[in-house]
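Trainee: Structure file run-v5.cif (mmCIF, C-alpha atoms) right here:
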```cif
data_entry
#
loop_
_atom_site.group_PDB
_atom_site.id
_atom_site.type_symbol
_atom_site.label_atom_id
_atom_site.label_comp_id
_atom_site.auth_asym_id
_atom_site.auth_seq_id
_atom_site.Cartn_x
_atom_site.Cartn_y
_atom_site.Cartn_z
ATOM 1 C CA MET A 1 24.797 7.785 -16.251
ATOM 2 C CA THR A 2 21.980 9.667 -17.967
ATOM 3 C CA ALA A 3 18.277 9.102 -17.533
ATOM 4 C CA VAL A 4 16.552 8.124 -20.745
ATOM 5 C CA ALA A 5 12.977 8.219 -21.899
ATOM 6 C CA VAL A 6 11.739 4.745 -22.718
ATOM 7 C CA GLU A 7 8.969 2.965 -24.523
ATOM 8 C CA ARG A 8 8.677 -0.451 -22.968
ATOM 9 C CA ASP A 9 5.776 -2.773 -22.211
ATOM 10 C CA LEU A 10 5.808 -2.798 -18.436
ATOM 11 C CA ARG A 11 4.165 -6.221 -18.437
ATOM 12 C CA ASP A 12 7.579 -7.493 -19.474
ATOM 13 C CA VAL A 13 9.069 -6.060 -16.296
ATOM 14 C CA LEU A 14 6.381 -6.379 -13.617
ATOM 15 C CA PRO A 15 4.248 -9.425 -12.739
ATOM 16 C CA HIS A 16 1.149 -7.324 -12.013
ATOM 17 C CA ARG A 17 -1.787 -7.248 -14.432
ATOM 18 C CA TYR A 18 -5.094 -5.393 -14.746
ATOM 19 C CA PRO A 19 -6.497 -4.111 -12.487
ATOM 20 C CA MET A 20 -3.375 -4.195 -10.324
ATOM 21 C CA LEU A 21 -0.815 -3.020 -12.863
ATOM 22 C CA LEU A 22 -0.758 0.521 -11.552
ATOM 23 C CA VAL A 23 2.019 2.244 -13.464
ATOM 24 C CA ASP A 24 1.392 3.243 -17.063
ATOM 25 C CA ARG A 25 4.555 4.709 -18.483
ATOM 26 C CA VAL A 26 8.151 5.396 -17.579
ATOM 27 C CA LEU A 27 9.256 8.942 -18.325
ATOM 28 C CA GLU A 28 12.896 8.372 -17.504
ATOM 29 C CA ILE A 29 14.932 5.851 -15.616
ATOM 30 C CA VAL A 30 18.459 5.176 -14.505
ATOM 31 C CA PRO A 31 18.313 1.577 -13.263
ATOM 32 C CA ARG A 32 19.153 1.211 -9.560
ATOM 33 C CA ARG A 33 19.293 4.996 -9.267
ATOM 34 C CA THR A 34 16.195 7.071 -10.128
ATOM 35 C CA VAL A 35 12.916 6.783 -11.976
ATOM 36 C CA ARG A 36 10.035 9.022 -12.988
ATOM 37 C CA ALA A 37 6.882 7.222 -14.029
ATOM 38 C CA VAL A 38 3.232 8.112 -14.465
ATOM 39 C CA LYS A 39 -0.089 6.633 -13.436
ATOM 40 C CA ALA A 40 -3.280 7.896 -15.084
ATOM 41 C CA VAL A 41 -6.343 7.566 -12.859
ATOM 42 C CA THR A 42 -9.481 6.682 -14.812
ATOM 43 C CA ARG A 43 -13.093 5.785 -14.086
ATOM 44 C CA ALA A 44 -12.424 2.426 -15.715
ATOM 45 C CA GLU A 45 -10.718 1.251 -12.545
ATOM 46 C CA PRO A 46 -13.077 -1.188 -10.865
ATOM 47 C CA TRP A 47 -12.927 0.348 -7.381
ATOM 48 C CA LEU A 48 -13.965 3.803 -8.514
ATOM 49 C CA THR A 49 -17.536 4.959 -8.473
ATOM 50 C CA ASP A 50 -18.750 8.475 -9.149
ATOM 51 C CA GLY A 51 -17.143 10.949 -6.786
ATOM 52 C CA ASP A 52 -14.569 8.544 -5.391
ATOM 53 C CA ALA A 53 -10.815 8.821 -5.558
ATOM 54 C CA LEU A 54 -8.130 6.231 -6.066
ATOM 55 C CA PRO A 55 -7.726 4.223 -2.865
ATOM 56 C CA ALA A 56 -4.786 5.650 -0.950
ATOM 57 C CA VAL A 57 -3.177 2.246 -0.623
ATOM 58 C CA LEU A 58 -3.299 1.789 -4.388
ATOM 59 C CA LEU A 59 -1.530 5.104 -4.795
ATOM 60 C CA ILE A 60 1.127 3.619 -2.512
ATOM 61 C CA GLU A 61 1.114 0.388 -4.541
ATOM 62 C CA SER A 62 1.478 2.405 -7.742
ATOM 63 C CA TRP A 63 4.483 4.233 -6.293
ATOM 64 C CA CYS A 64 5.981 0.929 -5.130
ATOM 65 C CA GLN A 65 5.622 -0.562 -8.589
ATOM 66 C CA SER A 66 7.385 2.459 -10.071
ATOM 67 C CA ALA A 67 10.187 2.128 -7.555
ATOM 68 C CA GLY A 68 10.337 -1.598 -8.181
ATOM 69 C CA LEU A 69 11.209 -0.895 -11.795
ATOM 70 C CA LEU A 70 14.518 0.468 -10.557
ATOM 71 C CA ALA A 71 15.415 -2.926 -9.170
ATOM 72 C CA THR A 72 14.197 -5.126 -12.017
ATOM 73 C CA TRP A 73 14.666 -3.014 -15.127
ATOM 74 C CA ASP A 74 17.871 -4.703 -16.290
ATOM 75 C CA ASP A 75 16.973 -8.183 -15.052
ATOM 76 C CA PRO A 76 13.181 -8.504 -15.068
ATOM 77 C CA ASN A 77 11.255 -11.475 -13.765
ATOM 78 C CA PRO A 78 7.545 -10.992 -14.557
ATOM 79 C CA ASP A 79 6.680 -14.435 -13.135
ATOM 80 C CA VAL A 80 6.286 -14.562 -9.350
ATOM 81 C CA ARG A 81 6.289 -18.371 -9.414
ATOM 82 C CA ALA A 82 9.888 -18.813 -10.519
ATOM 83 C CA GLY A 83 13.360 -17.456 -9.946
ATOM 84 C CA GLN A 84 14.045 -14.577 -7.611
ATOM 85 C CA VAL A 85 11.030 -12.447 -6.703
ATOM 86 C CA MET A 86 10.941 -8.949 -5.297
ATOM 87 C CA LEU A 87 9.191 -8.726 -1.927
ATOM 88 C CA PHE A 88 8.289 -5.614 0.008
ATOM 89 C CA ALA A 89 9.788 -6.067 3.442
ATOM 90 C CA SER A 90 8.928 -2.835 5.186
ATOM 91 C CA ILE A 91 7.524 0.663 4.822
ATOM 92 C CA THR A 92 8.378 3.652 6.985
ATOM 93 C CA ASP A 93 6.810 7.114 7.115
ATOM 94 C CA ILE A 94 4.442 7.517 4.198
ATOM 95 C CA ARG A 95 2.481 10.760 4.330
ATOM 96 C CA LEU A 96 -0.793 10.833 2.466
ATOM 97 C CA GLY A 97 -1.812 13.999 0.674
ATOM 98 C CA ASP A 98 -4.997 14.993 -1.074
ATOM 99 C CA PRO A 99 -6.915 12.182 -2.783
ATOM 100 C CA VAL A 100 -6.559 11.846 -6.548
ATOM 101 C CA GLY A 101 -9.665 11.294 -8.622
ATOM 102 C CA PRO A 102 -10.445 10.244 -12.182
ATOM 103 C CA GLY A 103 -8.645 12.375 -14.747
ATOM 104 C CA SER A 104 -5.579 12.833 -12.566
ATOM 105 C CA LEU A 105 -2.123 12.161 -13.903
ATOM 106 C CA VAL A 106 0.131 11.141 -11.044
ATOM 107 C CA VAL A 107 3.893 11.468 -11.458
ATOM 108 C CA HIS A 108 5.966 9.150 -9.281
ATOM 109 C CA GLU A 109 9.548 10.036 -8.435
ATOM 110 C CA ALA A 110 11.644 7.378 -6.719
ATOM 111 C CA GLU A 111 15.308 6.960 -5.968
ATOM 112 C CA VAL A 112 17.444 4.219 -4.497
ATOM 113 C CA VAL A 113 18.848 5.512 -1.230
ATOM 114 C CA ARG A 114 20.608 2.254 -0.277
ATOM 115 C CA ASP A 115 21.631 -0.692 -2.416
ATOM 116 C CA PHE A 116 22.795 -3.866 -0.686
ATOM 117 C CA GLY A 117 22.568 -6.047 -3.760
ATOM 118 C CA ASP A 118 19.616 -8.261 -2.915
ATOM 119 C CA THR A 119 18.028 -5.583 -0.724
ATOM 120 C CA LEU A 120 17.230 -2.026 -1.772
ATOM 121 C CA VAL A 121 15.753 0.976 0.004
ATOM 122 C CA PHE A 122 13.697 3.522 -1.941
ATOM 123 C CA ALA A 123 12.395 6.993 -1.121
ATOM 124 C CA GLY A 124 10.555 9.678 -3.041
ATOM 125 C CA ARG A 125 7.181 11.208 -3.655
ATOM 126 C CA ALA A 126 4.243 11.467 -5.998
ATOM 127 C CA THR A 127 2.785 14.645 -7.409
ATOM 128 C CA CYS A 128 -0.356 15.584 -9.284
ATOM 129 C CA ASP A 129 -0.745 18.967 -10.968
ATOM 130 C CA GLY A 130 2.217 20.224 -8.960
ATOM 131 C CA ARG A 131 0.754 19.114 -5.618
ATOM 132 C CA THR A 132 2.501 16.493 -3.528
ATOM 133 C CA VAL A 133 0.019 13.679 -3.002
ATOM 134 C CA LEU A 134 2.385 11.163 -1.423
ATOM 135 C CA GLU A 135 5.668 11.448 0.470
ATOM 136 C CA VAL A 136 7.581 8.215 0.939
ATOM 137 C CA GLY A 137 10.139 8.106 3.752
ATOM 138 C CA SER A 138 11.482 4.673 2.874
ATOM 139 C CA ILE A 139 10.404 1.377 1.420
ATOM 140 C CA THR A 140 12.635 -1.683 1.620
ATOM 141 C CA VAL A 141 12.460 -4.529 -0.885
ATOM 142 C CA ALA A 142 14.342 -7.805 -0.858
ATOM 143 C CA PHE A 143 14.874 -10.441 -3.520
ATOM 144 C CA ARG A 144 14.102 -13.953 -2.365
ATOM 145 C CA PRO A 145 13.468 -17.340 -4.012
ATOM 146 C CA ALA A 146 9.921 -17.621 -5.358
ATOM 147 C CA GLY A 147 9.305 -20.583 -3.057
ATOM 148 C CA VAL A 148 8.891 -18.270 -0.049
ATOM 149 C CA LEU A 149 5.545 -17.178 -1.502
ATOM 150 C CA GLN A 150 4.156 -20.708 -1.720
ATOM 151 C CA PRO A 151 1.547 -21.692 0.896
ATOM 152 C CA SER A 152 3.691 -24.583 2.087
ATOM 153 C CA ALA A 153 6.688 -22.331 2.748
ATOM 154 C CA MET B 1 0.511 18.797 1.642
ATOM 155 C CA SER B 2 -2.868 19.794 2.906
ATOM 156 C CA GLY B 3 -5.699 17.866 4.457
ATOM 157 C CA ALA B 4 -8.924 16.924 2.746
ATOM 158 C CA THR B 5 -11.446 19.648 2.063
ATOM 159 C CA ALA B 6 -15.105 19.523 1.151
ATOM 160 C CA ALA B 7 -14.232 19.671 -2.554
ATOM 161 C CA LEU B 8 -12.027 16.613 -2.483
ATOM 162 C CA PRO B 9 -13.313 13.162 -3.356
ATOM 163 C CA ARG B 10 -13.171 10.420 -0.735
ATOM 164 C CA PRO B 11 -10.800 7.550 -1.458
ATOM 165 C CA ALA B 12 -12.476 4.305 -2.370
ATOM 166 C CA SER B 13 -11.352 0.937 -1.039
ATOM 167 C CA PRO B 14 -9.912 -1.870 -3.132
ATOM 168 C CA LEU B 15 -11.456 -4.389 -0.714
ATOM 169 C CA ALA B 16 -15.098 -5.371 -1.146
ATOM 170 C CA SER B 17 -14.956 -7.336 2.100
ATOM 171 C CA PRO B 18 -13.966 -5.084 5.011
ATOM 172 C CA PRO B 19 -13.011 -6.378 8.458
ATOM 173 C CA TRP B 20 -15.744 -6.852 11.034
ATOM 174 C CA LEU B 21 -15.773 -5.951 14.686
ATOM 175 C CA VAL B 22 -15.179 -8.756 17.176
ATOM 176 C CA HIS B 23 -14.577 -6.708 20.322
ATOM 177 C CA PRO B 24 -15.255 -2.941 20.378
ATOM 178 C CA THR B 25 -12.654 -0.390 21.347
ATOM 179 C CA SER B 26 -12.160 -0.448 25.092
ATOM 180 C CA PRO B 27 -9.552 0.931 27.503
ATOM 181 C CA VAL B 28 -6.806 -1.356 28.740
ATOM 182 C CA GLY B 29 -4.730 1.280 30.540
ATOM 183 C CA PRO B 30 -4.594 4.983 31.387
ATOM 184 C CA ASP B 31 -3.764 5.927 27.793
ATOM 185 C CA GLU B 32 -4.224 2.746 25.826
ATOM 186 C CA TRP B 33 -7.167 1.134 24.094
ATOM 187 C CA ARG B 34 -7.672 -2.042 22.114
ATOM 188 C CA THR B 35 -9.986 -3.172 19.337
ATOM 189 C CA GLU B 36 -10.340 -6.688 17.981
ATOM 190 C CA LEU B 37 -11.440 -7.308 14.416
ATOM 191 C CA ALA B 38 -11.516 -10.194 12.000
ATOM 192 C CA ALA B 39 -11.508 -10.464 8.238
ATOM 193 C CA ARG B 40 -11.849 -13.057 5.569
ATOM 194 C CA VAL B 41 -9.852 -12.655 2.388
ATOM 195 C CA ASP B 42 -12.609 -13.076 -0.171
ATOM 196 C CA PRO B 43 -11.382 -15.064 -3.188
ATOM 197 C CA ALA B 44 -13.786 -12.962 -5.290
ATOM 198 C CA GLU B 45 -11.869 -9.742 -4.607
ATOM 199 C CA ILE B 46 -11.325 -8.259 -8.045
ATOM 200 C CA LEU B 47 -7.713 -7.354 -7.313
ATOM 201 C CA PHE B 48 -6.730 -11.031 -7.418
ATOM 202 C CA ALA B 49 -7.224 -11.014 -11.189
ATOM 203 C CA GLY B 50 -4.036 -9.021 -11.456
ATOM 204 C CA HIS B 51 -2.156 -9.929 -8.291
ATOM 205 C CA TYR B 52 -1.192 -12.311 -9.714
ATOM 206 C CA PRO B 53 -2.691 -14.180 -12.685
ATOM 207 C CA GLY B 54 -2.596 -17.882 -11.856
ATOM 208 C CA PHE B 55 -1.148 -17.209 -8.406
ATOM 209 C CA PRO B 56 -3.433 -14.980 -6.314
ATOM 210 C CA ILE B 57 -1.788 -13.499 -3.259
ATOM 211 C CA PHE B 58 -3.000 -10.736 -0.943
ATOM 212 C CA PRO B 59 -1.157 -7.489 -1.806
ATOM 213 C CA GLY B 60 0.990 -6.121 0.998
ATOM 214 C CA VAL B 61 -0.686 -2.713 0.827
ATOM 215 C CA CYS B 62 -3.981 -4.422 1.638
ATOM 216 C CA PHE B 63 -2.730 -5.029 5.171
ATOM 217 C CA ILE B 64 -2.566 -1.248 5.420
ATOM 218 C CA GLU B 65 -6.086 -1.068 3.988
ATOM 219 C CA LEU B 66 -7.465 -3.581 6.497
ATOM 220 C CA THR B 67 -5.948 -1.495 9.275
ATOM 221 C CA ARG B 68 -7.299 1.756 7.845
ATOM 222 C CA LEU B 69 -10.805 0.377 7.456
ATOM 223 C CA GLY B 70 -10.798 -1.036 10.962
ATOM 224 C CA ALA B 71 -9.221 1.998 12.570
ATOM 225 C CA GLU B 72 -11.116 4.887 10.992
ATOM 226 C CA SER B 73 -14.461 3.638 12.302
ATOM 227 C CA ASN B 74 -13.304 2.576 15.763
ATOM 228 C CA VAL B 75 -11.386 5.552 17.181
ATOM 229 C CA PRO B 76 -11.437 5.494 21.008
ATOM 230 C CA ASP B 77 -13.271 8.824 21.370
ATOM 231 C CA GLY B 78 -15.829 7.823 18.740
ATOM 232 C CA SER B 79 -14.961 10.667 16.393
ATOM 233 C CA PRO B 80 -14.608 10.183 12.626
ATOM 234 C CA ALA B 81 -10.958 10.071 11.630
ATOM 235 C CA ARG B 82 -8.791 10.034 8.556
ATOM 236 C CA THR B 83 -5.464 8.275 8.065
ATOM 237 C CA GLU B 84 -2.667 10.777 7.478
ATOM 238 C CA VAL B 85 0.548 8.796 7.933
ATOM 239 C CA VAL B 86 1.592 5.203 7.453
ATOM 240 C CA VAL B 87 4.149 5.272 10.238
ATOM 241 C CA SER B 88 5.514 1.797 9.571
ATOM 242 C CA THR B 89 4.646 -1.563 8.088
ATOM 243 C CA ARG B 90 6.462 -4.874 8.419
ATOM 244 C CA PHE B 91 5.433 -7.759 6.226
ATOM 245 C CA ARG B 92 5.908 -11.170 7.859
ATOM 246 C CA SER B 93 4.273 -13.848 5.725
ATOM 247 C CA PRO B 94 2.005 -14.143 2.681
ATOM 248 C CA VAL B 95 -1.778 -14.344 2.839
ATOM 249 C CA TYR B 96 -3.989 -16.115 0.310
ATOM 250 C CA PRO B 97 -7.606 -16.042 -0.861
ATOM 251 C CA GLY B 98 -9.888 -17.651 1.686
ATOM 252 C CA ASP B 99 -7.622 -16.968 4.673
ATOM 253 C CA GLU B 100 -9.288 -15.949 7.925
ATOM 254 C CA LEU B 101 -7.410 -13.096 9.578
ATOM 255 C CA THR B 102 -7.354 -11.561 13.018
ATOM 256 C CA VAL B 103 -6.689 -7.828 13.269
ATOM 257 C CA SER B 104 -5.747 -6.563 16.730
ATOM 258 C CA LEU B 105 -5.577 -2.794 17.137
ATOM 259 C CA THR B 106 -3.777 -0.964 19.934
ATOM 260 C CA TRP B 107 -4.420 2.752 20.369
ATOM 261 C CA ARG B 108 -2.494 5.606 21.949
ATOM 262 C CA ARG B 109 -2.705 9.360 21.668
ATOM 263 C CA SER B 110 0.113 10.959 19.652
ATOM 264 C CA GLY B 111 -0.128 14.716 20.009
ATOM 265 C CA GLU B 112 -3.213 15.811 18.082
ATOM 266 C CA ARG B 113 -3.431 12.425 16.387
ATOM 267 C CA TRP B 114 -4.281 8.865 17.275
ATOM 268 C CA ARG B 115 -1.578 6.261 16.767
ATOM 269 C CA CYS B 116 -3.000 2.870 15.892
ATOM 270 C CA GLY B 117 -0.882 -0.264 15.725
ATOM 271 C CA ALA B 118 -2.296 -3.384 14.095
ATOM 272 C CA ARG B 119 -1.067 -6.941 14.397
ATOM 273 C CA ILE B 120 -2.548 -9.028 11.613
ATOM 274 C CA ALA B 121 -2.326 -12.803 11.739
ATOM 275 C CA SER B 122 -3.342 -15.610 9.407
ATOM 276 C CA PRO B 123 -3.795 -19.289 10.314
ATOM 277 C CA ARG B 124 -0.044 -19.671 9.658
ATOM 278 C CA GLY B 125 0.988 -16.975 12.127
ATOM 279 C CA ALA B 126 1.981 -13.303 12.026
ATOM 280 C CA ALA B 127 1.267 -11.748 8.628
ATOM 281 C CA ALA B 128 1.934 -8.043 9.103
ATOM 282 C CA HIS B 129 2.402 -5.256 11.609
ATOM 283 C CA VAL B 130 1.027 -1.860 10.603
ATOM 284 C CA VAL B 131 1.181 1.472 12.448
ATOM 285 C CA LEU B 132 -0.959 4.403 11.321
ATOM 286 C CA ASP B 133 -1.458 7.975 12.523
ATOM 287 C CA LEU B 134 -5.014 9.229 12.256
ATOM 288 C CA ALA B 135 -6.414 12.725 12.643
ATOM 289 C CA SER B 136 -9.935 13.538 13.690
ATOM 290 C CA GLU B 137 -11.994 15.004 10.896
ATOM 291 C CA PRO B 138 -13.522 18.450 11.479
ATOM 292 C CA ALA B 139 -17.030 18.339 12.888
ATOM 293 C CA GLY B 140 -19.585 18.729 10.156
ATOM 294 C CA ALA B 141 -17.227 17.819 7.336
ATOM 295 C CA PRO B 142 -19.152 16.222 4.501
ATOM 296 C CA ALA B 143 -18.655 12.514 4.098
#
```
Produce structure tokens that represent the structure in this file.

Mentor:
Amino acid sequence: MTAVAVERDLRDVLPHRYPMLLVDRVLEIVPRRTVRAVKAVTRAEPWLTDGDALPAVLLIESWCQSAGLLATWDDPNPDVRAGQVMLFASITDIRLGDPVGPGSLVVHEAEVVRDFGDTLVFAGRATCDGRTVLEVGSITVAFRPAGVLQPSA
Amino acid sequence: MSGATAALPRPASPLASPPWLVHPTSPVGPDEWRTELAARVDPAEILFAGHYPGFPIFPGVCFIELTRLGAESNVPDGSPARTEVVVSTRFRSPVYPGDELTVSLTWRRSGERWRCGARIASPRGAAAHVVLDLASEPAGAPA
């Protein structure tokens, strides 16, 4: 299977929206295998003030959204209130690198290291100008009925 | 990867409402300390506009952020510290705007770092368990 460059509105694949839609473009993807995607950091993001960098946890979230594309690319569900939703179950060993500020173009690389059908494990890293800014040991996601997110669940 | 230097910008926080201190860091054993914090998930947090429209829910990474904010300013030896590793995170149950949270930190030394474990609970029970490794920042480093 060959990775392909794609033009696709990621709002059709992910439920996140501004300011929490944190992946801008997919460079190449092989669903349930590997993905390379980019996130452009800009001053328009509401949490940035002069001199600040993207919050580290949002860099993690951005990487997770990129990885999540691997699981949902062929069967997307951009509505978290219906159907099967993708939930992050656990994170292990994420190493934070240098902060990334406005003007940075972050490249996320993620791969599926285990695929159990309704549960997947991802690993990878993020780079910026050739520097590693995030190393991800493993992140586990599971697909569950949307009802588990409801307050009464 | 390298650590932060004077030329690097400081990461911002996506949370406008940080946790507050309930019980300061204090020893509970020969090499163990505890800190108690609390937080309210402010419905006005701007991130809820996109996570998710019509169904706001606290992002899982924000449990890591609550822990980071609480830990970096409450290190047992009082030194400023920076989070270097998210050792592990387990998500237990969802959290919603308006929820009152408890954040209980347990500290141990881990080589040159501090290892901080956080148990975060909502009114419905355990919400997340987060473990971070923090390194002391060099004396005199610009904020």

Trainee: What is the distance between CA of Asn74 (chain B) and CA of Val28 (chain B), in Å to one decimal?

Mentor: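 Between these atoms lies a distance of 15.0 Å.
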
Trainee: What lies within 12 Å of region 74-81 of chain A using all atoms listed in the file, ignoring chain neighbours under 5 positions off, as a PyMOL selection string?

Mentor: (chain A and resi 9-17+21+29-32+68-69+86-87+143-151) or (chain B and resi 50-57)

Trainee: At most 12 Å from (-14.7, 7.6, -13.6), file frame, only C-alpha atoms: which residues, as number ranges by chain?

Mentor: A: 40-54, 100-104; B: 9, 12

Trainee: For the selection you just gave me, I'd like the residues written to a file as a PDB file, in the coordinates of the input, keeping C-alpha atoms.

Mentor:
```pdb
ATOM      1  CA  ALA A  40      -3.280   7.896 -15.084  1.00  0.00           C
ATOM      2  CA  VAL A  41      -6.343   7.566 -12.859  1.00  0.00           C
ATOM      3  CA  THR A  42      -9.481   6.682 -14.812  1.00  0.00           C
ATOM      4  CA  ARG A  43     -13.093   5.785 -14.086  1.00  0.00           C
ATOM      5  CA  ALA A  44     -12.424   2.426 -15.715  1.00  0.00           C
ATOM      6  CA  GLU A  45     -10.718   1.251 -12.545  1.00  0.00           C
ATOM      7  CA  PRO A  46     -13.077  -1.188 -10.865  1.00  0.00           C
ATOM      8  CA  TRP A  47     -12.927   0.348  -7.381  1.00  0.00           C
ATOM      9  CA  LEU A  48     -13.965   3.803  -8.514  1.00  0.00           C
ATOM     10  CA  THR A  49     -17.536   4.959  -8.473  1.00  0.00           C
ATOM     11  CA  ASP A  50     -18.750   8.475  -9.149  1.00  0.00           C
ATOM     12  CA  GLY A  51     -17.143  10.949  -6.786  1.00  0.00           C
ATOM     13  CA  ASP A  52     -14.569   8.544  -5.391  1.00  0.00           C
ATOM     14  CA  ALA A  53     -10.815   8.821  -5.558  1.00  0.00           C
ATOM     15  CA  LEU A  54      -8.130   6.231  -6.066  1.00  0.00           C
ATOM     16  CA  VAL A 100      -6.559  11.846  -6.548  1.00  0.00           C
ATOM     17  CA  GLY A 101      -9.665  11.294  -8.622  1.00  0.00           C
ATOM     18  CA  PRO A 102     -10.445  10.244 -12.182  1.00  0.00           C
ATOM     19  CA  GLY A 103      -8.645  12.375 -14.747  1.00  0.00           C
ATOM     20  CA  SER A 104      -5.579  12.833 -12.566  1.00  0.00           C
TER      21      SER A 104
ATOM     22  CA  PRO B   9     -13.313  13.162  -3.356  1.00  0.00           C
ATOM     23  CA  ALA B  12     -12.476   4.305  -2.370  1.00  0.00           C
TER      24      ALA B  12
END
```

Trainee: One decimal, in Å: what's the spacing between CA of Glu112 (chain B) and CA of His108 (chain A)?

Mentor: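 So the answer is 29.6 Å.
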
Trainee: Could you work out how far CA of Val22 (chain B) lies from CA of Thr89 (chain B), giving the answer in Å with one decimal?

Mentor: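 Atom-to-atom, CA of Thr89 (chain B) to CA of Val22 (chain B), that is 23.0 Å.
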
Trainee: When you count only C-alpha atoms, which of these residues is closest to chain B: A:Ser66, A:Thr132, A:Thr140, A:Thr119?

Mentor: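 Using only C-alpha atoms, chain B sits closest to A:Thr132.
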
Trainee: Hey, could you make a per-residue contact list for region 25-103 of chain A against region 114-136 of chain B with 12 Å as the cut-off, showing the nearest pair of atoms and its distance in Å to one decimal, counting all atoms listed in the file, sorted by chain and number, as CSV?

Mentor:
```
residue,atom,partner,partner_atom,distance
A:Phe88,CA,B:Ala128,CA,11.4
A:Ala89,CA,B:Ala128,CA,9.9
A:Ser90,CA,B:His129,CA,9.5
A:Ile91,CA,B:Val130,CA,9.1
A:Thr92,CA,B:Val131,CA,9.3
A:Asp93,CA,B:Leu132,CA,9.2
A:Ile94,CA,B:Leu132,CA,9.5
A:Arg95,CA,B:Asp133,CA,9.5
A:Leu96,CA,B:Asp133,CA,10.5
```

Trainee: In the coordinate frame of the file, compute which residues have an atom within 9 Å of (-1.2, -4.9, 2.6) when using all atoms listed in the file, and state them as a PDB file with C-alpha atoms, in the frame of the given file.

Mentor:
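Output saved as point-v8.pdb:
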```
ATOM      1  CA  VAL A  57      -3.177   2.246  -0.623  1.00  0.00           C
TER       2      VAL A  57
ATOM      3  CA  PHE B  58      -3.000 -10.736  -0.943  1.00  0.00           C
ATOM      4  CA  PRO B  59      -1.157  -7.489  -1.806  1.00  0.00           C
ATOM      5  CA  GLY B  60       0.990  -6.121   0.998  1.00  0.00           C
ATOM      6  CA  VAL B  61      -0.686  -2.713   0.827  1.00  0.00           C
ATOM      7  CA  CYS B  62      -3.981  -4.422   1.638  1.00  0.00           C
ATOM      8  CA  PHE B  63      -2.730  -5.029   5.171  1.00  0.00           C
ATOM      9  CA  ILE B  64      -2.566  -1.248   5.420  1.00  0.00           C
ATOM     10  CA  GLU B  65      -6.086  -1.068   3.988  1.00  0.00           C
ATOM     11  CA  LEU B  66      -7.465  -3.581   6.497  1.00  0.00           C
ATOM     12  CA  THR B  67      -5.948  -1.495   9.275  1.00  0.00           C
ATOM     13  CA  THR B  89       4.646  -1.563   8.088  1.00  0.00           C
ATOM     14  CA  PHE B  91       5.433  -7.759   6.226  1.00  0.00           C
ATOM     15  CA  ALA B 128       1.934  -8.043   9.103  1.00  0.00           C
ATOM     16  CA  VAL B 130       1.027  -1.860  10.603  1.00  0.00           C
TER      17      VAL B 130
END
```

Trainee: Build an axis-aligned box that encloses every atom of region 47-51 of chain B listed in the file, pad it by 8 Å on each side, and report its centre and edge lengths in Å to one decimal, as lines of an AutoDock Vina configuration file.

Mentor:
```
center_x = -4.9
center_y = -9.2
center_z = -9.4
size_x = 21.6
size_y = 19.7
size_z = 20.1
```

Trainee: What lies within 12 Å of Thr127 (chain A) using all atoms listed in the file, ignoring chain neighbours under 2 positions off, as a ChimeraX atom specification?

Mentor: /A:36-40,59,63,96-100,104-110,124-125,129-136 /B:1

Trainee: Run the PyMOL selection byres ((chain B and resi 39) around 12) mentally over the shown coordinates, then write out the matched residues as a VMD selection string, using the chain letters and numbers from the document.

Mentor: chain B and resid 15 to 22 36 to 38 40 to 42 62 to 63 65 to 67 69 to 70 95 97 to 104 120 to 123

Trainee: Compare A:Val35, A:Phe122, A:Glu7, A:Pro19 by their minimum atom-to-atom distance to chain B, counting all atoms listed in the file, and give me the closest one.

Mentor: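 Under the stated criterion, the closest residue is A:Pro19.
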
Trainee: In terms of the shortest atom-to-atom distance over all atoms listed in the file, which of B:Asp77, B:Glu72, B:Glu45, B:Glu137 is closest to chain A?

Mentor: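 Closest residue, counting all atoms listed in the file: B:Glu45.
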
Trainee: Name the closest residue to chain B among the candidates A:Leu27, A:Gln65, A:Arg8, A:Val112; distances are taken between atoms, counting all atoms listed in the file.

Mentor: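 Among the listed residues, the smallest separation from chain B belongs to A:Gln65.
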